[in-house]
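Novice: Pasting coords.txt here (compact mmCIF, C-alpha atoms):
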# COMPACT_ATOMS: atom_id res chain seq x y z
CA MET A 1 147.63 65.70 110.19
CA PRO A 2 145.02 66.96 112.73
CA ARG A 3 141.57 67.63 111.36
CA ARG A 4 140.73 71.33 111.04
CA PHE A 5 138.10 72.64 113.44
CA ALA A 6 135.00 73.42 111.36
CA PRO A 7 131.88 74.36 113.30
CA HIS A 8 128.49 74.31 111.65
CA LYS A 9 127.98 78.00 110.81
CA VAL A 10 124.18 77.95 110.72
CA GLY A 11 124.02 75.89 113.89
CA LEU A 12 126.52 78.09 115.71
CA THR A 13 124.83 81.35 114.67
CA ALA A 14 121.29 80.16 115.38
CA SER A 15 122.22 78.57 118.72
CA LEU A 16 123.92 81.72 119.95
CA ALA A 17 121.06 83.92 118.70
CA GLY A 18 118.46 81.69 120.34
CA LEU A 19 120.33 81.55 123.64
CA VAL A 20 121.07 85.28 123.79
CA SER A 21 117.50 86.28 122.89
CA LEU A 22 116.14 83.94 125.55
CA LEU A 23 118.37 85.50 128.22
CA ALA A 24 118.39 89.14 127.12
CA LEU A 25 114.80 89.71 125.99
CA ALA A 26 111.43 89.38 127.68
CA PHE A 27 110.09 85.84 127.92
CA GLY A 28 106.57 87.22 128.26
CA THR A 29 104.46 90.24 129.11
CA VAL A 30 101.69 90.65 131.66
CA ALA A 31 98.99 93.27 131.03
CA PRO A 32 96.21 94.26 133.46
CA PHE A 33 93.61 94.06 130.69
CA ARG A 34 93.23 93.29 126.97
CA ILE A 35 94.49 96.44 125.25
CA ALA A 36 96.93 97.65 127.90
CA THR A 37 100.67 97.63 127.32
CA GLY A 38 102.16 94.62 129.08
CA SER A 39 105.00 94.66 131.59
CA PRO A 40 107.92 92.44 130.50
CA VAL A 41 109.03 89.45 132.59
CA ASN A 42 112.31 87.65 132.03
CA LEU A 43 112.95 83.93 131.69
CA PHE A 44 113.54 83.20 135.38
CA GLU A 45 110.63 85.36 136.57
CA ALA A 46 108.23 83.67 134.17
CA LEU A 47 109.27 80.04 134.71
CA GLY A 48 111.32 79.75 137.83
CA THR A 49 114.87 78.41 137.97
CA PRO A 50 114.42 74.67 137.09
CA ALA A 51 112.45 75.20 133.86
CA ALA A 52 114.60 78.17 132.84
CA VAL A 53 117.80 76.14 133.31
CA ALA A 54 116.28 73.29 131.26
CA LEU A 55 115.66 75.63 128.32
CA ILE A 56 119.17 77.02 128.54
CA ALA A 57 120.55 73.47 128.65
CA LEU A 58 118.73 72.60 125.41
CA TRP A 59 120.34 75.56 123.65
CA LEU A 60 123.75 74.62 125.03
CA ALA A 61 123.26 71.07 123.75
CA CYS A 62 122.41 72.45 120.32
CA LEU A 63 125.48 74.66 120.48
CA GLY A 64 127.60 71.63 121.35
CA ALA A 65 126.21 69.70 118.36
CA SER A 66 127.27 72.66 116.19
CA LEU A 67 130.84 72.55 117.49
CA VAL A 68 131.69 68.86 118.03
CA GLY A 69 131.47 66.67 114.93
CA ALA A 70 129.39 69.43 113.38
CA ARG A 71 129.48 68.07 109.83
CA SER A 72 128.41 64.52 110.67
CA ALA A 73 124.93 63.18 109.91
CA ARG A 74 124.49 62.34 113.59
CA ALA A 75 125.22 65.92 114.67
CA SER A 76 122.85 67.28 112.02
CA LEU A 77 120.05 65.01 113.23
CA ALA A 78 120.81 65.97 116.85
CA ARG A 79 120.58 69.69 116.01
CA GLY A 80 117.29 69.16 114.23
CA LEU A 81 115.69 67.12 117.02
CA ILE A 82 116.95 69.43 119.78
CA SER A 83 115.77 72.55 117.96
CA ALA A 84 112.35 70.97 117.29
CA ALA A 85 112.15 70.04 120.97
CA LEU A 86 113.06 73.64 121.80
CA ILE A 87 110.11 74.96 119.79
CA VAL A 88 107.77 72.62 121.65
CA ALA A 89 109.33 73.55 125.00
CA LEU A 90 109.07 77.28 124.31
CA VAL A 91 105.39 77.01 123.42
CA TRP A 92 104.56 74.56 126.21
CA LEU A 93 106.42 76.52 128.89
CA SER A 94 104.80 79.76 127.72
CA GLY A 95 101.50 78.17 128.72
CA VAL A 96 103.02 77.22 132.07
CA ALA A 97 104.31 80.77 132.53
CA ALA A 98 100.87 82.19 131.71
CA GLU A 99 99.24 80.09 134.44
CA ARG A 100 101.99 81.00 136.88
CA MET A 101 102.00 84.76 136.22
CA LEU A 102 98.20 85.16 136.10
CA ALA A 103 97.57 83.28 139.34
CA SER A 104 97.78 86.51 141.35
CA GLU A 105 96.16 88.76 138.70
CA THR A 106 92.53 89.68 138.00
CA ALA A 107 90.39 87.80 135.48
CA LEU A 108 90.95 90.59 132.94
CA ALA A 109 94.75 90.25 132.94
CA ARG A 110 96.50 88.89 129.86
CA TYR A 111 99.79 87.06 129.41
CA SER A 112 101.51 87.16 126.02
CA MET A 113 104.65 85.52 124.72
CA GLY A 114 107.57 87.94 124.62
CA ALA A 115 110.21 88.78 122.05
CA GLY A 116 112.64 86.32 123.63
CA VAL A 117 110.30 83.43 122.92
CA TRP A 118 109.63 84.49 119.34
CA LEU A 119 113.27 85.10 118.39
CA SER A 120 114.41 81.93 120.14
CA ALA A 121 111.71 79.91 118.36
CA PHE A 122 112.67 81.50 115.02
CA SER A 123 116.31 80.51 115.58
CA ALA A 124 115.22 76.96 116.38
CA PHE A 125 113.06 76.86 113.26
CA ALA A 126 116.05 77.89 111.13
CA LEU A 127 117.93 74.89 112.55
CA VAL A 128 114.99 72.57 111.83
CA VAL A 129 115.00 73.69 108.18
CA ALA A 130 118.79 73.27 107.90
CA SER A 131 118.69 69.82 109.49
CA ARG A 132 115.86 68.72 107.21
CA ARG A 133 117.84 69.69 104.13
CA GLU A 134 120.99 67.99 105.38
CA ALA A 135 119.11 64.80 106.29
CA GLY A 136 117.60 64.58 102.79
CA GLU A 137 113.97 65.13 101.90
CA GLY A 138 111.87 62.03 102.54
CA SER A 139 114.36 60.34 104.88
CA LEU A 140 113.30 58.98 108.26
CA GLY A 141 115.47 61.55 110.07
CA SER A 142 113.97 64.41 108.07
CA LEU A 143 110.45 63.17 108.85
CA ALA A 144 111.25 62.99 112.56
CA VAL A 145 112.71 66.50 112.60
CA VAL A 146 109.81 68.18 110.79
CA SER A 147 107.02 66.31 112.60
CA LEU A 148 108.22 66.68 116.20
CA ALA A 149 107.33 70.36 116.68
CA PRO A 150 103.85 70.28 115.06
CA VAL A 151 102.89 67.14 116.97
CA GLY A 152 104.15 68.60 120.24
CA ILE A 153 102.26 71.86 119.75
CA VAL A 154 99.05 70.01 118.84
CA VAL A 155 99.37 67.92 122.01
CA ALA A 156 99.86 71.10 124.04
CA LEU A 157 96.70 72.56 122.50
CA LEU A 158 94.62 69.43 123.03
CA THR A 159 95.66 69.09 126.65
CA GLY A 160 94.71 72.70 127.40
CA ARG A 161 98.22 73.63 128.40
CA LEU A 162 98.03 76.87 126.37
CA SER A 163 94.56 77.95 127.49
CA SER A 164 95.85 80.78 129.70
CA LEU A 165 97.80 82.51 126.91
CA GLY A 166 96.34 85.75 125.61
CA VAL A 167 96.05 84.39 122.07
CA ALA A 168 94.00 81.43 123.37
CA VAL A 169 91.68 83.81 125.21
CA GLU A 170 91.20 85.81 122.00
CA TYR A 171 90.38 82.62 120.13
CA ARG A 172 87.68 81.73 122.65
CA ASN A 173 86.21 85.19 122.21
CA VAL A 174 85.89 84.84 118.41
CA SER A 175 85.66 81.05 118.07
CA GLU A 176 82.17 81.20 116.54
CA ASP A 177 83.43 83.31 113.63
CA PHE A 178 87.06 82.22 113.38
CA TRP A 179 86.52 79.08 111.32
CA LEU A 180 84.11 80.91 109.02
CA TRP A 181 86.81 83.51 108.36
CA THR A 182 89.32 80.73 107.71
CA ALA A 183 86.94 78.93 105.33
CA GLN A 184 86.31 82.18 103.44
CA HIS A 185 90.06 82.79 103.21
CA VAL A 186 90.67 79.31 101.80
CA ALA A 187 87.73 79.50 99.39
CA TYR A 188 88.66 82.87 97.91
CA SER A 189 92.30 81.87 97.57
CA ALA A 190 91.44 78.54 95.94
CA VAL A 191 89.02 80.05 93.41
CA ALA A 192 91.44 82.83 92.52
CA MET A 193 94.33 80.37 92.10
CA GLY A 194 92.21 78.08 89.93
CA ILE A 195 91.40 80.96 87.59
CA ALA A 196 94.95 82.33 87.68
CA ILE A 197 96.49 78.94 86.86
CA THR A 198 94.12 78.42 83.93
CA VAL A 199 94.62 81.90 82.48
CA GLY A 200 98.29 82.24 83.46
CA VAL A 201 99.43 78.94 81.94
CA ALA A 202 97.51 79.74 78.74
CA LEU A 203 99.15 83.18 78.54
CA GLY A 204 102.56 81.66 79.24
CA ILE A 205 102.10 79.18 76.41
CA PHE A 206 101.00 82.02 74.14
CA ALA A 207 104.05 84.12 75.11
CA HIS A 208 106.32 81.15 74.35
CA SER A 209 104.74 80.32 71.01
CA LYS A 210 104.43 83.97 69.89
CA PRO A 211 107.69 85.63 71.03
CA ARG A 212 106.81 88.95 69.42
CA PHE A 213 103.86 89.29 71.82
CA ALA A 214 105.72 88.03 74.90
CA GLU A 215 106.81 91.44 76.14
CA THR A 216 103.25 92.77 75.79
CA VAL A 217 101.91 89.88 77.87
CA PHE A 218 104.57 90.32 80.55
CA THR A 219 104.11 94.09 80.71
CA THR A 220 100.33 93.83 80.98
CA THR A 221 100.42 91.28 83.81
CA SER A 222 103.19 93.14 85.62
CA ILE A 223 101.07 96.30 85.78
CA PHE A 224 98.73 94.57 88.24
CA GLN A 225 101.66 93.94 90.61
CA THR A 226 102.39 97.68 90.84
CA ILE A 227 98.91 98.55 92.13
CA PRO A 228 98.56 98.54 95.95
CA GLY A 229 95.92 96.23 97.39
CA LEU A 230 93.46 98.85 98.58
CA ALA A 231 93.85 100.79 95.34
CA MET A 232 93.08 97.61 93.38
CA ILE A 233 89.91 97.09 95.41
CA GLY A 234 88.91 100.70 94.73
CA ILE A 235 89.57 100.40 91.00
CA LEU A 236 87.52 97.21 90.75
CA ALA A 237 84.58 98.83 92.52
CA VAL A 238 83.62 100.81 89.41
CA PRO A 239 83.34 97.99 86.82
CA LEU A 240 81.91 95.50 89.31
CA GLY A 241 79.35 98.03 90.50
CA MET A 242 78.28 98.78 86.92
CA LEU A 243 78.06 95.05 86.19
CA ALA A 244 75.85 94.49 89.22
CA GLU A 245 73.55 97.37 88.25
CA ASN A 246 73.08 96.21 84.67
CA SER A 247 73.08 92.44 84.99
CA PRO A 248 70.48 90.50 87.00
CA ALA A 249 72.66 87.40 86.58
CA ALA A 250 75.58 89.19 88.22
CA GLN A 251 73.34 90.26 91.08
CA ALA A 252 72.16 86.69 91.52
CA LEU A 253 75.78 85.53 91.78
CA GLY A 254 76.54 88.14 94.41
CA ILE A 255 78.84 90.17 92.15
CA GLY A 256 79.11 93.75 93.32
CA VAL A 257 81.24 96.34 95.03
CA LEU A 258 81.24 94.33 98.25
CA GLY A 259 81.57 90.60 98.84
CA TRP A 260 83.56 87.85 97.18
CA ALA A 261 83.86 89.29 93.66
CA PRO A 262 86.39 92.13 94.22
CA VAL A 263 88.53 89.83 96.39
CA VAL A 264 88.66 86.99 93.87
CA VAL A 265 89.28 89.29 90.90
CA ALA A 266 92.06 91.17 92.71
CA LEU A 267 93.74 87.95 93.88
CA THR A 268 93.57 86.52 90.37
CA LEU A 269 95.18 89.58 88.81
CA TYR A 270 97.96 89.62 91.41
CA ALA A 271 98.76 85.93 90.84
CA LEU A 272 99.03 86.10 87.05
CA LEU A 273 102.52 87.54 86.55
CA VAL A 274 104.62 84.87 88.26
CA ILE A 275 102.60 82.04 86.69
CA VAL A 276 102.85 83.55 83.20
CA ARG A 277 106.59 84.20 83.49
CA ASN A 278 107.42 80.78 84.93
CA THR A 279 105.32 78.99 82.33
CA ALA A 280 107.05 80.83 79.50
CA ALA A 281 110.48 80.35 81.11
CA GLY A 282 109.86 76.64 81.63
CA LEU A 283 108.81 76.11 78.02
CA ASN A 284 111.75 78.16 76.74
CA ALA A 285 114.10 75.98 78.82
CA VAL A 286 113.13 72.79 76.97
CA PRO A 287 116.03 72.06 74.57
CA ASP A 288 115.26 72.58 70.88
CA SER A 289 116.84 69.21 70.12
CA ILE A 290 114.13 67.43 72.15
CA VAL A 291 111.39 69.38 70.37
CA ASP A 292 112.95 68.60 66.96
CA ALA A 293 113.17 64.92 67.88
CA ALA A 294 109.48 64.92 68.80
CA ARG A 295 108.61 66.50 65.47
CA GLY A 296 110.73 63.88 63.73
CA MET A 297 108.65 61.18 65.42
CA GLY A 298 105.57 62.66 63.78
CA LEU A 299 104.02 64.44 66.78
CA SER A 300 101.88 67.47 66.06
CA GLU A 301 102.53 70.81 67.80
CA PRO A 302 99.70 70.30 70.34
CA GLN A 303 101.02 66.80 71.05
CA ILE A 304 104.57 68.13 71.51
CA LEU A 305 103.26 70.73 73.93
CA ARG A 306 101.16 68.24 75.90
CA LYS A 307 103.49 65.22 75.91
CA VAL A 308 106.96 66.80 75.82
CA GLN A 309 107.21 70.50 76.67
CA LEU A 310 104.73 70.78 79.54
CA PRO A 311 106.00 67.66 81.40
CA LEU A 312 109.63 68.80 81.07
CA SER A 313 108.79 72.34 82.16
CA ALA A 314 106.56 71.19 85.05
CA PRO A 315 109.09 71.90 87.86
CA ILE A 316 109.54 75.53 86.76
CA VAL A 317 105.81 76.03 86.13
CA PHE A 318 104.91 74.62 89.54
CA SER A 319 107.55 76.76 91.18
CA GLY A 320 105.64 79.79 89.89
CA ILE A 321 102.32 78.35 91.01
CA ARG A 322 103.71 77.71 94.49
CA THR A 323 104.99 81.29 94.72
CA ALA A 324 101.67 82.66 93.48
CA SER A 325 99.76 80.56 96.01
CA GLN A 326 101.75 82.05 98.89
CA GLN A 327 101.16 85.58 97.58
CA THR A 328 97.46 84.86 97.17
CA ILE A 329 97.05 83.56 100.72
CA GLY A 330 98.69 86.70 102.06
CA ASN A 331 96.75 89.07 99.81
CA ALA A 332 93.40 87.44 100.67
CA THR A 333 93.35 89.45 103.90
CA LEU A 334 92.07 92.28 101.68
CA GLY A 335 88.64 90.67 101.98
CA VAL A 336 88.08 92.49 105.27
CA PHE A 337 87.85 95.82 103.42
CA VAL A 338 84.94 94.67 101.23
CA ALA A 339 82.92 92.84 103.89
CA ALA A 340 84.16 89.45 102.67
CA GLY A 341 85.52 88.16 105.96
CA THR A 342 88.82 86.19 105.67
CA LEU A 343 91.63 86.15 108.23
CA GLY A 344 91.98 89.87 107.67
CA ARG A 345 89.19 90.26 110.24
CA PRO A 346 91.23 89.28 113.31
CA ILE A 347 94.43 90.84 111.96
CA PHE A 348 93.10 94.28 111.04
CA GLY A 349 90.47 94.16 113.77
CA GLY A 350 93.21 93.58 116.32
CA VAL A 351 95.24 96.45 114.90
CA SER A 352 92.29 98.84 115.14
CA GLN A 353 91.63 97.74 118.73
CA THR A 354 95.35 97.63 119.68
CA ALA A 355 94.70 94.02 120.72
CA ASN A 356 98.02 92.38 119.88
CA ASP A 357 96.90 88.86 120.77
CA LEU A 358 94.02 89.08 118.28
CA VAL A 359 96.50 90.15 115.59
CA LEU A 360 98.69 87.23 116.60
CA LEU A 361 95.78 84.80 116.34
CA GLY A 362 95.07 85.77 112.75
CA SER A 363 98.76 85.85 111.85
CA ILE A 364 99.42 82.36 113.24
CA ALA A 365 96.46 80.98 111.29
CA LEU A 366 97.72 82.72 108.15
CA VAL A 367 101.23 81.31 108.51
CA ALA A 368 99.88 77.80 109.21
CA LEU A 369 97.68 78.03 106.12
CA ALA A 370 100.59 79.20 103.96
CA LEU A 371 102.91 76.43 105.21
CA SER A 372 100.33 73.69 104.74
CA THR A 373 99.56 74.97 101.24
CA ASP A 374 103.25 74.97 100.32
CA ILE A 375 103.62 71.38 101.59
CA ALA A 376 100.61 70.33 99.53
CA MET A 377 101.94 72.11 96.44
CA ARG A 378 105.32 70.41 96.83
CA GLY A 379 103.54 67.06 96.90
CA VAL A 380 101.63 67.88 93.73
CA GLN A 381 104.84 69.05 92.06
CA ARG A 382 106.60 65.76 92.82
CA PHE A 383 103.58 63.82 91.57
CA VAL A 384 103.29 65.55 88.18
CA SER A 385 107.00 66.01 87.44
CA PRO A 386 108.82 63.44 85.30
CA ARG A 387 110.73 60.94 87.44
CA HIS A 388 114.19 62.21 86.46
CA LEU A 389 113.15 65.80 87.34
CA LYS A 390 111.54 65.18 90.74
CA GLY A 391 114.54 66.67 92.54
CA VAL A 392 114.15 69.98 90.70
CA GLN A 393 112.30 72.48 92.91
Starting from the coordinates I provided, produce the structure as structure tokens.

Specialist:
Amino acid sequence: MPRRFAPHKVGLTASLAGLVSLLALAFGTVAPFRIATGSPVNLFEALGTPAAVALIALWLACLGASLVGARSARASLARGLISAALIVALVWLSGVAAERMLASETALARYSMGAGVWLSAFSAFALVVASRREAGEGSLGSLAVVSLAPVGIVVALLTGRLSSLGVAVEYRNVSEDFWLWTAQHVAYSAVAMGIAITVGVALGIFAHSKPRFAETVFTTTSIFQTIPGLAMIGILAVPLGMLAENSPAAQALGIGVLGWAPVVVALTLYALLVIVRNTAAGLNAVPDSIVDAARGMGLSEPQILRKVQLPLSAPIVFSGIRTASQQTIGNATLGVFVAAGTLGRPIFGGVSQTANDLVLLGSIALVALALSTDIAMRGVQRFVSPRHLKGVQ
């Protein structure tokens, strides 16, 4: 009986989307100066025929791997490696296009990556994620797929291939402050998460052990999620301002209406709900039979919590912490509104100046920070989870 034709749906969809966006949308834009609206250029105008055909050929190869033997491990690895190579090629060739298109322009002209590049790269990234999952986390194929694109982009940066892109020009303009903003962003997020984890896990344990108060705890922490970011900053200005006026110690620590204090407090309050809920849910998911067995062995309630319930609930608890960490990194951009720096400076500064490349610079740094944090949190989760639960994410 002939085998039924079964293409890889994700591969087929992403390959077609990546190819169509590359051909139908602008590969880049050229603007006469920083804040001007750029004129779109297509794939062949930006790169010339040989490089453009090479990019198209990569997408066609990925499409072929989604149609022929699509369900095999070899085809999955091929899709992942080709799509990772596509991401590198799109970034690398954008730098080439910038040099090519700006050669006849003035020194003030800017070249930016177009919608075709971004959508094509997003489609390739979706294939990288799918291939990584199919290859199995921790396998050699998975490692090759996920490391190829970052390594290639880093090489492109180190060799100066991307130096003509508008985002690279913006970085050079703010390079003295950029790493300070990044350090502030990381510091505020880390302090807020440390406090939120300590308080949130404690409240989750309390909600689990005292069910009649659980709804009160959940309702109280959920209220913070309903308050918009700027409104939260405004609300905190009153108590923090009063504290600064009446406490020399608070003044010495820099607590006030402006600075680190409103950012850290707001981030902590926003992070509480998911940590509290996941902690309580994780503890509630531990079977009563296991808890009863621990009691039968003579363990006290604190010992049961520490040695049985928390280890077994660790995957669910850490899932909440991971989610909260991503929210916190995104929300930390609020620091720009209280003179606390953070990556909100290039993002909102670029918006106010209509400088899209400056917005892009801050956004790329924010995404890179969020991804690296999630990878680190996954590593911690695998380390602290019981061996038989390490596959639970």

Novice: For A:Ile364, which residue among A:Ala24, A:Ala196, A:Leu343, A:Met377 is the nearest when counting only C-alpha atoms?

Specialist: A:Leu343

Novice: Taking into account only C-alpha atoms, which residue in the set A:Ala36, A:Ile205, A:Val291, A:Ala31 is nearest to A:Glu105?

Specialist: A:Ala31

Novice: Using only C-alpha atoms, can you tell me which of A:Val146, A:Leu272, A:Ala109, A:Met232 comes closest to A:Ile195?

Specialist: A:Leu272

Novice: Quick one: residues within 10 Å of A:Ala187, all atoms listed in the file counted, chain neighbours fewer than 4 positions away excluded, as a ChimeraX atom specification?

Specialist: /A:181-183,191-193,260,264,332,342

Novice: Separation of atom CA of A:Phe218 and atom CA of A:Ile329, in Å?

Specialist: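 Atom CA of A:Ile329 lies 22.6 Å from atom CA of A:Phe218.
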
Novice: From the list A:Ala376, A:Ala293, A:Val338, A:Ala355, which residue is nearest A:Arg34 when using all atoms listed in the file?

Specialist: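 Answer, going by the shortest atom-to-atom distance: A:Ala355.
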
Novice: Let me make sure I understand: among A:Ala130, A:Ala89, A:Leu312, A:Leu25, which one has the smallest atom-to-atom distance to A:Ala73 if we use only C-alpha atoms?

Specialist: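 Using only C-alpha atoms, the shortest distance to A:Ala73 belongs to A:Ala130.
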
Novice: For the atom pair atom CA of A:Thr221 and atom CA of A:Gly341, what is the interatomic distance in Å to one decimal place?

Specialist: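 The value is 26.9 Å.
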
Novice: So that I can check the surroundings of stretch 267-269 of chain A, please list as a CSV table (one decimal) with C-alpha atoms, in the coordinates of the input every protein, DNA and RNA residue that reaches within 10 Å of it, counting all atoms listed in the file and ignoring chain neighbours fewer than 6 positions away.

Specialist:
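Final output, selection_25.csv:
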chain,number,residue,atom,x,y,z
A,188,TYR,CA,88.7,82.9,97.9
A,189,SER,CA,92.3,81.9,97.6
A,190,ALA,CA,91.4,78.5,95.9
A,191,VAL,CA,89.0,80.0,93.4
A,192,ALA,CA,91.4,82.8,92.5
A,193,MET,CA,94.3,80.4,92.1
A,194,GLY,CA,92.2,78.1,89.9
A,195,ILE,CA,91.4,81.0,87.6
A,196,ALA,CA,95.0,82.3,87.7
A,197,ILE,CA,96.5,78.9,86.9
A,199,VAL,CA,94.6,81.9,82.5
A,200,GLY,CA,98.3,82.2,83.5
A,221,THR,CA,100.4,91.3,83.8
A,222,SER,CA,103.2,93.1,85.6
A,223,ILE,CA,101.1,96.3,85.8
A,224,PHE,CA,98.7,94.6,88.2
A,225,GLN,CA,101.7,93.9,90.6
A,229,GLY,CA,95.9,96.2,97.4
A,232,MET,CA,93.1,97.6,93.4
A,261,ALA,CA,83.9,89.3,93.7
A,324,ALA,CA,101.7,82.7,93.5
A,325,SER,CA,99.8,80.6,96.0
A,327,GLN,CA,101.2,85.6,97.6
A,328,THR,CA,97.5,84.9,97.2
A,329,ILE,CA,97.0,83.6,100.7
A,330,GLY,CA,98.7,86.7,102.1
A,331,ASN,CA,96.8,89.1,99.8
A,332,ALA,CA,93.4,87.4,100.7
A,334,LEU,CA,92.1,92.3,101.7
A,335,GLY,CA,88.6,90.7,102.0

Novice: Calculated over only C-alpha atoms, which of the candidates A:Ser300, A:Ser123, A:Ser142, A:Ser94 has the smallest distance to A:Leu77?

Specialist: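 Closest to A:Leu77 of all the choices is A:Ser142.
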
Novice: In Å, how far is it from atom CA of A:Ser15 to atom CA of A:Ala126?

Specialist: 9.8 Å

Novice: Env of A:Val276: 7 Å cut, atoms = only C-alpha atoms, seq-sep filter 6 positions within chain, self excluded. Answer as a ChimeraX atom specification.

Specialist: /A:200-201,203-204
